[in-house]
$ cat input.cif   # mmCIF, C-alpha atoms
data_start
#
loop_
_atom_site.label_atom_id
_atom_site.label_comp_id
_atom_site.auth_asym_id
_atom_site.auth_seq_id
_atom_site.Cartn_x
_atom_site.Cartn_y
_atom_site.Cartn_z
CA MET A 137 34.37 -112.51 -59.34
CA VAL A 138 37.56 -114.49 -58.76
CA ALA A 139 35.98 -117.88 -59.55
CA SER A 140 35.66 -116.88 -63.20
CA LEU A 141 39.28 -115.75 -63.59
CA SER A 142 41.67 -117.74 -65.76
CA ASP A 143 44.49 -119.56 -63.99
CA ALA A 144 46.95 -116.92 -65.17
CA ARG A 145 44.86 -113.98 -63.91
CA LEU A 146 44.24 -115.76 -60.65
CA VAL A 147 47.95 -116.29 -60.08
CA ALA A 148 48.66 -112.65 -60.93
CA ARG A 149 46.04 -111.53 -58.40
CA CYS A 150 47.49 -113.85 -55.74
CA ARG A 151 50.91 -112.34 -56.33
CA GLU A 152 49.41 -108.89 -55.79
CA GLY A 153 48.28 -110.04 -52.34
CA ASP A 154 44.60 -110.56 -53.15
CA GLU A 155 43.44 -112.96 -50.43
CA ALA A 156 40.15 -113.76 -52.17
CA ALA A 157 42.18 -114.87 -55.19
CA TRP A 158 44.35 -117.08 -52.99
CA SER A 159 41.26 -118.64 -51.46
CA GLU A 160 39.95 -119.39 -54.96
CA LEU A 161 43.31 -120.83 -56.02
CA VAL A 162 43.20 -123.25 -53.08
CA ASN A 163 39.60 -124.08 -53.89
CA ARG A 164 40.41 -124.65 -57.57
CA PHE A 165 43.29 -127.02 -56.97
CA SER A 166 42.48 -128.65 -53.62
CA ARG A 167 40.77 -131.69 -55.15
CA TYR A 168 43.59 -132.15 -57.65
CA VAL A 169 46.29 -132.01 -54.97
CA TYR A 170 44.27 -134.27 -52.67
CA ALA A 171 43.82 -136.82 -55.45
CA ILE A 172 47.50 -136.85 -56.42
CA ILE A 173 48.44 -137.46 -52.79
CA GLY A 174 45.85 -140.18 -52.22
CA GLN A 175 45.39 -141.89 -55.56
CA GLY A 176 48.79 -141.22 -57.08
CA PHE A 177 50.94 -141.95 -54.04
CA GLY A 178 48.62 -143.74 -51.62
CA LEU A 179 49.48 -141.44 -48.70
CA ARG A 180 46.97 -141.62 -45.91
CA ALA A 181 45.84 -139.67 -42.86
CA GLU A 182 48.42 -137.45 -41.18
CA ASN A 183 51.06 -137.81 -43.87
CA ALA A 184 48.55 -136.84 -46.54
CA GLU A 185 47.45 -133.77 -44.62
CA ASP A 186 51.05 -132.69 -44.01
CA VAL A 187 51.83 -132.93 -47.72
CA PHE A 188 48.59 -131.15 -48.66
CA GLN A 189 49.39 -128.20 -46.37
CA GLU A 190 53.02 -128.10 -47.49
CA VAL A 191 52.02 -127.97 -51.16
CA PHE A 192 49.93 -124.85 -50.58
CA ALA A 193 52.45 -123.30 -48.18
CA ARG A 194 55.19 -123.62 -50.81
CA ALA A 195 52.89 -122.51 -53.59
CA TYR A 196 52.04 -119.39 -51.57
CA GLN A 197 55.67 -118.71 -50.79
CA HIS A 198 57.05 -119.38 -54.26
CA LEU A 199 54.36 -118.13 -56.64
CA GLY A 200 56.86 -115.50 -57.69
CA ARG A 201 59.15 -118.20 -59.11
CA LEU A 202 56.53 -119.33 -61.60
CA ARG A 203 57.87 -118.34 -65.02
CA GLU A 204 54.50 -118.31 -66.72
CA ASP A 205 51.33 -117.76 -64.74
CA GLU A 206 49.31 -120.13 -66.91
CA ALA A 207 51.71 -122.94 -65.95
CA ILE A 208 50.31 -123.09 -62.41
CA ARG A 209 48.60 -126.43 -63.06
CA PRO A 210 51.66 -128.51 -64.00
CA TRP A 211 53.68 -126.60 -61.40
CA ILE A 212 51.26 -127.58 -58.62
CA ALA A 213 51.20 -131.17 -59.87
CA GLN A 214 55.00 -131.34 -59.93
CA LEU A 215 55.27 -129.73 -56.50
CA THR A 216 52.79 -132.23 -55.07
CA ARG A 217 54.64 -135.11 -56.69
CA ARG A 218 57.96 -133.88 -55.31
CA LEU A 219 56.59 -133.52 -51.78
CA CYS A 220 54.94 -136.96 -51.88
CA ILE A 221 58.28 -138.49 -52.84
CA ASP A 222 59.99 -136.60 -50.00
CA GLN A 223 57.34 -137.88 -47.60
CA LEU A 224 57.81 -141.47 -48.77
CA ARG A 225 61.57 -141.08 -48.49
CA SER A 226 61.36 -139.78 -44.92
CA GLY A 227 59.37 -142.89 -43.96
CA SER A 228 61.74 -145.31 -45.65
CA ARG A 229 64.67 -146.97 -43.88
CA GLU A 230 66.52 -147.61 -47.13
CA GLN A 231 68.15 -145.12 -49.48
CA LEU A 232 65.87 -145.31 -52.49
CA SER A 233 65.81 -143.33 -55.72
CA ASP A 234 62.77 -141.27 -56.75
CA GLU A 235 61.86 -143.98 -59.28
CA GLU A 236 61.97 -146.67 -56.62
CA LEU A 237 59.81 -144.62 -54.28
CA GLU A 238 57.14 -143.72 -56.83
CA PRO A 239 54.26 -146.15 -57.32
CA ALA A 240 54.55 -148.00 -60.66
CA GLU A 241 51.50 -146.42 -62.29
CA VAL A 242 51.90 -142.89 -61.03
CA ASP A 243 52.27 -141.33 -64.50
CA GLU A 244 49.02 -142.92 -65.70
CA THR A 245 47.24 -141.82 -62.54
CA LEU A 246 48.48 -138.25 -62.90
CA ASP A 247 47.38 -138.15 -66.55
CA LYS A 248 43.95 -139.35 -65.52
CA LEU A 249 43.71 -136.73 -62.76
CA GLU A 250 44.67 -133.97 -65.18
CA GLU A 251 41.85 -135.13 -67.44
CA ALA A 252 39.54 -135.27 -64.43
CA LEU A 253 40.40 -131.67 -63.59
CA ALA A 254 39.40 -130.62 -67.11
CA VAL A 255 36.07 -132.41 -66.71
CA HIS A 256 35.60 -130.80 -63.33
CA GLU A 257 36.10 -127.39 -64.94
CA ALA A 258 33.58 -128.21 -67.66
CA LEU A 259 31.17 -129.17 -64.90
CA ALA A 260 31.36 -125.61 -63.59
CA GLU A 261 29.85 -124.39 -66.87
CA LEU A 262 26.70 -126.48 -66.46
CA PRO A 263 23.56 -125.10 -64.81
CA GLU A 264 23.96 -125.12 -61.05
CA HIS A 265 21.44 -127.90 -60.46
CA CYS A 266 23.46 -130.17 -62.76
CA GLN A 267 26.75 -129.28 -61.08
CA GLU A 268 25.24 -130.03 -57.72
CA ILE A 269 23.67 -133.36 -58.56
CA LEU A 270 26.66 -134.72 -60.52
CA ASP A 271 29.15 -133.62 -57.90
CA ARG A 272 27.10 -135.05 -55.06
CA PHE A 273 26.51 -138.37 -56.79
CA PHE A 274 29.88 -139.05 -58.39
CA ALA A 275 32.52 -137.07 -56.50
CA ARG A 276 30.94 -137.07 -53.05
CA ASP A 277 29.46 -140.56 -53.42
CA GLU A 278 26.14 -139.54 -51.88
CA SER A 279 23.10 -141.83 -52.09
CA TYR A 280 19.90 -140.92 -53.96
CA GLN A 281 18.23 -140.52 -50.58
CA THR A 282 20.84 -138.07 -49.30
CA ILE A 283 20.78 -136.08 -52.53
CA GLY A 284 17.00 -136.02 -52.59
CA ALA A 285 16.86 -134.72 -49.03
CA ALA A 286 19.58 -132.12 -49.59
CA LEU A 287 18.13 -130.76 -52.83
CA ASP A 288 14.50 -131.28 -51.93
CA ILE A 289 13.69 -133.41 -54.95
CA PRO A 290 12.03 -136.85 -55.10
CA ALA A 291 14.64 -139.62 -54.83
CA GLY A 292 12.88 -141.46 -57.66
CA THR A 293 13.74 -138.72 -60.16
CA ILE A 294 17.43 -138.52 -59.33
CA ALA A 295 18.66 -141.27 -61.67
CA SER A 296 17.02 -139.61 -64.67
CA ARG A 297 18.31 -136.17 -63.66
CA ILE A 298 21.85 -137.56 -63.34
CA SER A 299 21.54 -139.17 -66.74
CA ARG A 300 20.36 -135.92 -68.38
CA CYS A 301 23.03 -133.85 -66.69
CA LEU A 302 25.74 -136.33 -67.62
CA ALA A 303 24.59 -136.19 -71.25
CA LYS A 304 24.75 -132.40 -71.05
CA LEU A 305 28.24 -132.55 -69.61
CA ARG A 306 29.28 -134.87 -72.42
CA GLU A 307 27.92 -132.50 -75.05
CA LEU A 308 29.62 -129.56 -73.40
CA PHE A 309 32.90 -131.36 -72.94
CA GLU A 310 32.98 -132.46 -76.54
CA GLY A 311 32.38 -128.91 -77.66
CA ARG A 312 28.81 -129.33 -78.86
CA LYS A 313 25.97 -127.05 -77.88
CA PRO A 314 23.34 -128.75 -75.71
CA THR A 315 19.99 -129.11 -77.43
CA THR A 316 17.74 -129.38 -74.39
CA GLU A 317 17.82 -128.06 -70.85
CA PRO A 318 17.75 -130.84 -68.25
CA SER A 319 15.04 -130.47 -65.69
CA MET B 210 40.14 -138.86 -74.20
CA THR B 211 39.28 -142.11 -75.92
CA PRO B 212 41.18 -143.01 -79.11
CA ASN B 213 38.33 -141.84 -81.32
CA GLY B 214 38.31 -138.47 -79.58
CA HIS B 215 35.05 -138.97 -77.70
CA TYR B 216 34.12 -139.33 -74.08
CA ASP B 217 31.37 -141.75 -73.25
CA GLU B 218 29.28 -141.11 -70.19
CA GLU B 219 30.89 -143.96 -68.29
CA ARG B 220 34.30 -142.36 -68.75
CA LEU B 221 33.00 -138.96 -67.67
CA ALA B 222 31.47 -140.53 -64.56
CA GLU B 223 34.81 -142.20 -63.78
CA LEU B 224 36.60 -138.86 -64.13
CA LEU B 225 34.08 -137.10 -61.92
CA ARG B 226 34.61 -139.79 -59.28
CA ALA B 227 38.37 -139.24 -59.48
CA LEU B 228 38.17 -135.81 -57.84
CA PRO B 229 36.38 -136.06 -54.51
CA PRO B 230 36.58 -132.96 -52.34
CA ALA B 231 39.50 -132.64 -49.95
CA PRO B 232 38.52 -132.52 -46.26
CA GLU B 233 36.99 -129.11 -45.50
CA GLY B 234 39.37 -128.42 -42.62
CA TRP B 235 42.41 -128.98 -44.84
CA VAL B 236 41.08 -126.59 -47.46
CA ARG B 237 40.20 -123.95 -44.88
CA ALA B 238 43.66 -124.15 -43.30
CA ALA B 239 45.30 -123.66 -46.70
CA GLN B 240 42.99 -120.74 -47.51
CA GLU B 241 43.98 -119.06 -44.25
CA LEU B 242 47.68 -119.08 -45.10
CA PRO B 243 47.89 -115.34 -45.86
CA ARG B 244 46.45 -114.48 -42.44
CA VAL B 245 48.73 -116.97 -40.69
CA ARG B 246 51.80 -115.59 -42.49
CA ARG B 247 50.83 -112.06 -41.45
CA GLU B 248 50.43 -113.18 -37.85
CA LEU B 249 53.76 -114.96 -37.93
CA ASP B 250 55.53 -111.88 -39.30
CA ASP B 251 53.85 -109.76 -36.66
CA ILE B 252 55.02 -112.03 -33.81
CA VAL B 253 58.59 -112.15 -35.10
CA GLU B 254 58.64 -108.37 -35.53
CA ARG B 255 57.42 -107.91 -31.95
CA ALA B 256 59.96 -110.43 -30.66
CA VAL B 257 62.74 -108.43 -32.30
CA ALA B 258 61.49 -105.14 -30.88
CA ASP B 259 60.53 -106.37 -27.40
CA ALA B 260 63.20 -108.29 -25.46
CA GLU B 261 60.75 -109.34 -22.72
CA PHE B 262 58.31 -110.79 -25.23
CA ARG B 263 61.17 -112.62 -26.95
CA LYS B 264 62.34 -114.07 -23.63
CA ALA B 265 58.81 -115.24 -22.83
CA LEU B 266 58.49 -116.85 -26.26
CA ILE B 267 61.75 -118.73 -25.82
CA ALA B 268 60.79 -119.88 -22.30
CA ASP B 269 57.31 -121.15 -23.20
CA LEU B 270 56.20 -120.41 -26.72
CA GLU B 271 52.60 -121.54 -26.49
CA ALA B 272 51.90 -119.89 -23.14
CA ALA B 273 53.48 -116.62 -24.32
CA LEU B 274 51.37 -116.62 -27.47
CA ARG B 275 48.18 -117.34 -25.55
CA SER B 276 48.88 -114.57 -23.06
CA GLU B 277 49.17 -112.13 -25.98
CA GLY B 278 45.89 -113.25 -27.51
CA TYR B 279 47.26 -115.49 -30.29
CA GLU B 280 45.87 -118.95 -30.92
CA PRO B 281 48.91 -121.32 -30.94
CA ASP B 282 47.03 -124.07 -32.84
CA ALA B 283 46.69 -121.73 -35.80
CA ILE B 284 50.40 -120.89 -35.96
CA PRO B 285 53.23 -123.04 -37.38
CA LEU B 286 55.16 -123.26 -34.13
CA ASP B 287 58.28 -124.99 -35.48
CA GLU B 288 58.73 -122.26 -38.05
CA LEU B 289 58.14 -119.57 -35.43
CA ARG B 290 60.73 -121.12 -33.09
CA LYS B 291 63.24 -121.21 -35.92
CA ARG B 292 62.60 -117.63 -36.97
CA ILE B 293 62.90 -116.36 -33.39
CA SER B 294 66.13 -118.28 -32.79
CA ASP B 295 67.56 -116.96 -36.09
CA LYS B 296 67.04 -113.35 -34.96
#
$ encode --input "input.cif" --output "structure tokens"
Amino acid sequence: MVASLSDARLVARCREGDEAAWSELVNRFSRYVYAIIGQGFGLRAENAEDVFQEVFARAYQHLGRLREDEAIRPWIAQLTRRLCIDQLRSGSREQLSDEELEPAEVDETLDKLEEALAVHEALAELPEHCQEILDRFFARDESYQTIGAALDIPAGTIASRISRCLAKLRELFEGRKPTTEPS
Amino acid sequence: MTPNGHYDEERLAELLRALPPAPEGWVRAAQELPRVRRELDDIVERAVADAEFRKALIADLEAALRSEGYEPDAIPLDELRKRISDK
């Protein structure tokens, strides 16, 4: 199953023309690219979508240029950063340098997003019910009511489930074995 | 990671919030790139081999694509125009 492949294996499969692998690669990095565009560079609406599509179009076209397959992550981040700067430059009337175009705290934001991607990957190792509830509550910003209806669980139990799953994620992320299975 | 090497749950929650899903349509469009590239190559190849088809594409790209069963919205038209004119 392609979802369980390492970044390097996934890239190798994409290069061999495996379309399921490409689909997984987009799935794996879509949130990261979207966050760099929105949170790192503040691009909105049409401009953001143009950059998002261009990142994956260039990644698809130039995967062969990647020197080491496991370097896909920083390569995608750098490509996104480059295309965001180009987008900002095309909308600017003045001739500005890359440094002048980049938001002041972009490096900090990108570091945080890289860390967030690692947490997101750890999330994938949790039991499915934990992945679902944490992703819905934190990443998708869904209410207890919406989550309860979608997962068919009482809304009153959601806070405690989130707390248990978050504790499990913390244990997992810090490399410790979980002691109890959250309900 | 915090200076003492630990993540508290508040920090983990903040990091989970930092990666909301991209719009589904954007993701789907990016996932369909291989099919779109194949279609693009196919159209260009046909335009090279078939002078009438090429003429129709140059005259009215979208209409010519539709009449041949392609969906113009799913094709990068600027790139197609460029590739046809380069041939």
$ interface_residues --input "input.cif" --of "chain B" --to "chain A" --cutoff "10 Å" --atoms "all atoms listed in the file" --output "CSV table (one decimal) with C-alpha atoms, in the coordinates of the input"
chain,number,residue,atom,x,y,z
B,210,MET,CA,40.1,-138.9,-74.2
B,214,GLY,CA,38.3,-138.5,-79.6
B,215,HIS,CA,35.0,-139.0,-77.7
B,216,TYR,CA,34.1,-139.3,-74.1
B,217,ASP,CA,31.4,-141.8,-73.2
B,218,GLU,CA,29.3,-141.1,-70.2
B,219,GLU,CA,30.9,-144.0,-68.3
B,220,ARG,CA,34.3,-142.4,-68.8
B,221,LEU,CA,33.0,-139.0,-67.7
B,222,ALA,CA,31.5,-140.5,-64.6
B,223,GLU,CA,34.8,-142.2,-63.8
B,224,LEU,CA,36.6,-138.9,-64.1
B,225,LEU,CA,34.1,-137.1,-61.9
B,226,ARG,CA,34.6,-139.8,-59.3
B,227,ALA,CA,38.4,-139.2,-59.5
B,228,LEU,CA,38.2,-135.8,-57.8
B,229,PRO,CA,36.4,-136.1,-54.5
B,230,PRO,CA,36.6,-133.0,-52.3
B,231,ALA,CA,39.5,-132.6,-50.0
B,232,PRO,CA,38.5,-132.5,-46.3
B,233,GLU,CA,37.0,-129.1,-45.5
B,234,GLY,CA,39.4,-128.4,-42.6
B,235,TRP,CA,42.4,-129.0,-44.8
B,236,VAL,CA,41.1,-126.6,-47.5
B,237,ARG,CA,40.2,-124.0,-44.9
B,238,ALA,CA,43.7,-124.2,-43.3
B,239,ALA,CA,45.3,-123.7,-46.7
B,240,GLN,CA,43.0,-120.7,-47.5
B,241,GLU,CA,44.0,-119.1,-44.2
B,242,LEU,CA,47.7,-119.1,-45.1
B,243,PRO,CA,47.9,-115.3,-45.9
B,244,ARG,CA,46.4,-114.5,-42.4
B,246,ARG,CA,51.8,-115.6,-42.5
$ resolve_selection --input "input.cif" --expression "the PyMOL selection byres ((chain B and resi 292) around 12)" --output "PyMOL selection string"
chain B and resi 249-254+256-257+263+266-267+285-291+293-296
$ residues_around --input "input.cif" --residues "A:Ile283" --least-positions-apart "5" --cutoff "8 Å" --atoms "all atoms listed in the file" --output "PyMOL selection string"
chain A and resi 269+272-273+278+288-289+291+294
$ atom_distance --input "input.cif" --atom1 "atom CA of A:Gln267" --atom2 "atom CA of A:Ala181"
28.4 Å
$ resolve_selection --input "input.cif" --expression "the PyMOL selection byres ((chain A and resi 213) around 9)" --output "list in words"
Tyr168, Val169, Ile172, Ile208, Arg209, Pro210, Trp211, Ile212, Gln214, Leu215, Thr216, Arg217, Arg218, Leu246 and Glu250 of chain A
$ resolve_selection --input "input.cif" --expression "the PyMOL selection byres ((chain A and resi 140) around 12)" --output "list in words"
Met137, Val138, Ala139, Leu141, Ser142, Asp143, Ala144, Arg145, Leu146, Ala157, Glu160, Leu161, Arg164, Glu257, Ala260 and Glu261 of chain A
$ atom_distance --input "input.cif" --atom1 "atom CA of B:Lys264" --atom2 "atom CA of B:Glu280"
18.7 Å
$ atom_distance --input "input.cif" --atom1 "atom CA of B:Ala260" --atom2 "atom CA of B:Ala283"
23.7 Å
$ residues_around --input "input.cif" --residues "B:Ser276" --least-positions-apart "6" --cutoff "12 Å" --atoms "all atoms listed in the file" --output "JSON, numbers by chain"
{"B": [262, 265, 266, 269, 270]}
$ decode --input "input.cif" --residues "stretch 218-260 of chain B" --atoms "C-alpha atoms" --output "PDB file, in the first residue's frame"
ATOM      1  CA  GLU B 218      -0.176  18.659  24.764  1.00  0.00           C
ATOM      2  CA  GLU B 219      -0.816  22.333  24.127  1.00  0.00           C
ATOM      3  CA  ARG B 220       2.110  22.443  21.716  1.00  0.00           C
ATOM      4  CA  LEU B 221       0.954  19.281  19.956  1.00  0.00           C
ATOM      5  CA  ALA B 222      -2.523  20.763  19.583  1.00  0.00           C
ATOM      6  CA  GLU B 223      -1.007  23.927  18.106  1.00  0.00           C
ATOM      7  CA  LEU B 224       0.987  21.858  15.611  1.00  0.00           C
ATOM      8  CA  LEU B 225      -2.062  19.821  14.640  1.00  0.00           C
ATOM      9  CA  ARG B 226      -3.959  23.066  14.019  1.00  0.00           C
ATOM     10  CA  ALA B 227      -1.121  24.291  11.799  1.00  0.00           C
ATOM     11  CA  LEU B 228      -1.898  21.775   9.050  1.00  0.00           C
ATOM     12  CA  PRO B 229      -5.527  22.087   7.991  1.00  0.00           C
ATOM     13  CA  PRO B 230      -6.454  20.175   4.847  1.00  0.00           C
ATOM     14  CA  ALA B 231      -6.060  21.930   1.512  1.00  0.00           C
ATOM     15  CA  PRO B 232      -9.323  22.400  -0.416  1.00  0.00           C
ATOM     16  CA  GLU B 233     -10.407  19.034  -1.842  1.00  0.00           C
ATOM     17  CA  GLY B 234     -10.683  20.366  -5.396  1.00  0.00           C
ATOM     18  CA  TRP B 235      -7.090  21.622  -5.322  1.00  0.00           C
ATOM     19  CA  VAL B 236      -5.813  18.270  -4.119  1.00  0.00           C
ATOM     20  CA  ARG B 237      -7.846  16.364  -6.696  1.00  0.00           C
ATOM     21  CA  ALA B 238      -6.588  18.577  -9.530  1.00  0.00           C
ATOM     22  CA  ALA B 239      -2.975  17.980  -8.465  1.00  0.00           C
ATOM     23  CA  GLN B 240      -3.573  14.228  -8.182  1.00  0.00           C
ATOM     24  CA  GLU B 241      -4.933  14.182 -11.736  1.00  0.00           C
ATOM     25  CA  LEU B 242      -1.771  15.684 -13.209  1.00  0.00           C
ATOM     26  CA  PRO B 243      -0.528  12.421 -14.774  1.00  0.00           C
ATOM     27  CA  ARG B 244      -3.814  11.982 -16.658  1.00  0.00           C
ATOM     28  CA  VAL B 245      -3.831  15.624 -17.759  1.00  0.00           C
ATOM     29  CA  ARG B 246      -0.232  15.385 -18.992  1.00  0.00           C
ATOM     30  CA  ARG B 247      -1.103  12.256 -20.971  1.00  0.00           C
ATOM     31  CA  GLU B 248      -4.079  14.012 -22.523  1.00  0.00           C
ATOM     32  CA  LEU B 249      -1.978  17.041 -23.377  1.00  0.00           C
ATOM     33  CA  ASP B 250       0.672  14.887 -25.055  1.00  0.00           C
ATOM     34  CA  ASP B 251      -2.038  13.063 -26.960  1.00  0.00           C
ATOM     35  CA  ILE B 252      -3.570  16.301 -28.288  1.00  0.00           C
ATOM     36  CA  VAL B 253      -0.202  17.699 -29.346  1.00  0.00           C
ATOM     37  CA  GLU B 254       0.703  14.432 -31.064  1.00  0.00           C
ATOM     38  CA  ARG B 255      -2.595  14.472 -32.961  1.00  0.00           C
ATOM     39  CA  ALA B 256      -2.113  18.133 -33.892  1.00  0.00           C
ATOM     40  CA  VAL B 257       1.263  17.284 -35.393  1.00  0.00           C
ATOM     41  CA  ALA B 258      -0.110  14.331 -37.349  1.00  0.00           C
ATOM     42  CA  ASP B 259      -3.408  15.890 -38.446  1.00  0.00           C
ATOM     43  CA  ALA B 260      -3.215  19.288 -40.185  1.00  0.00           C
TER      44      ALA B 260
END
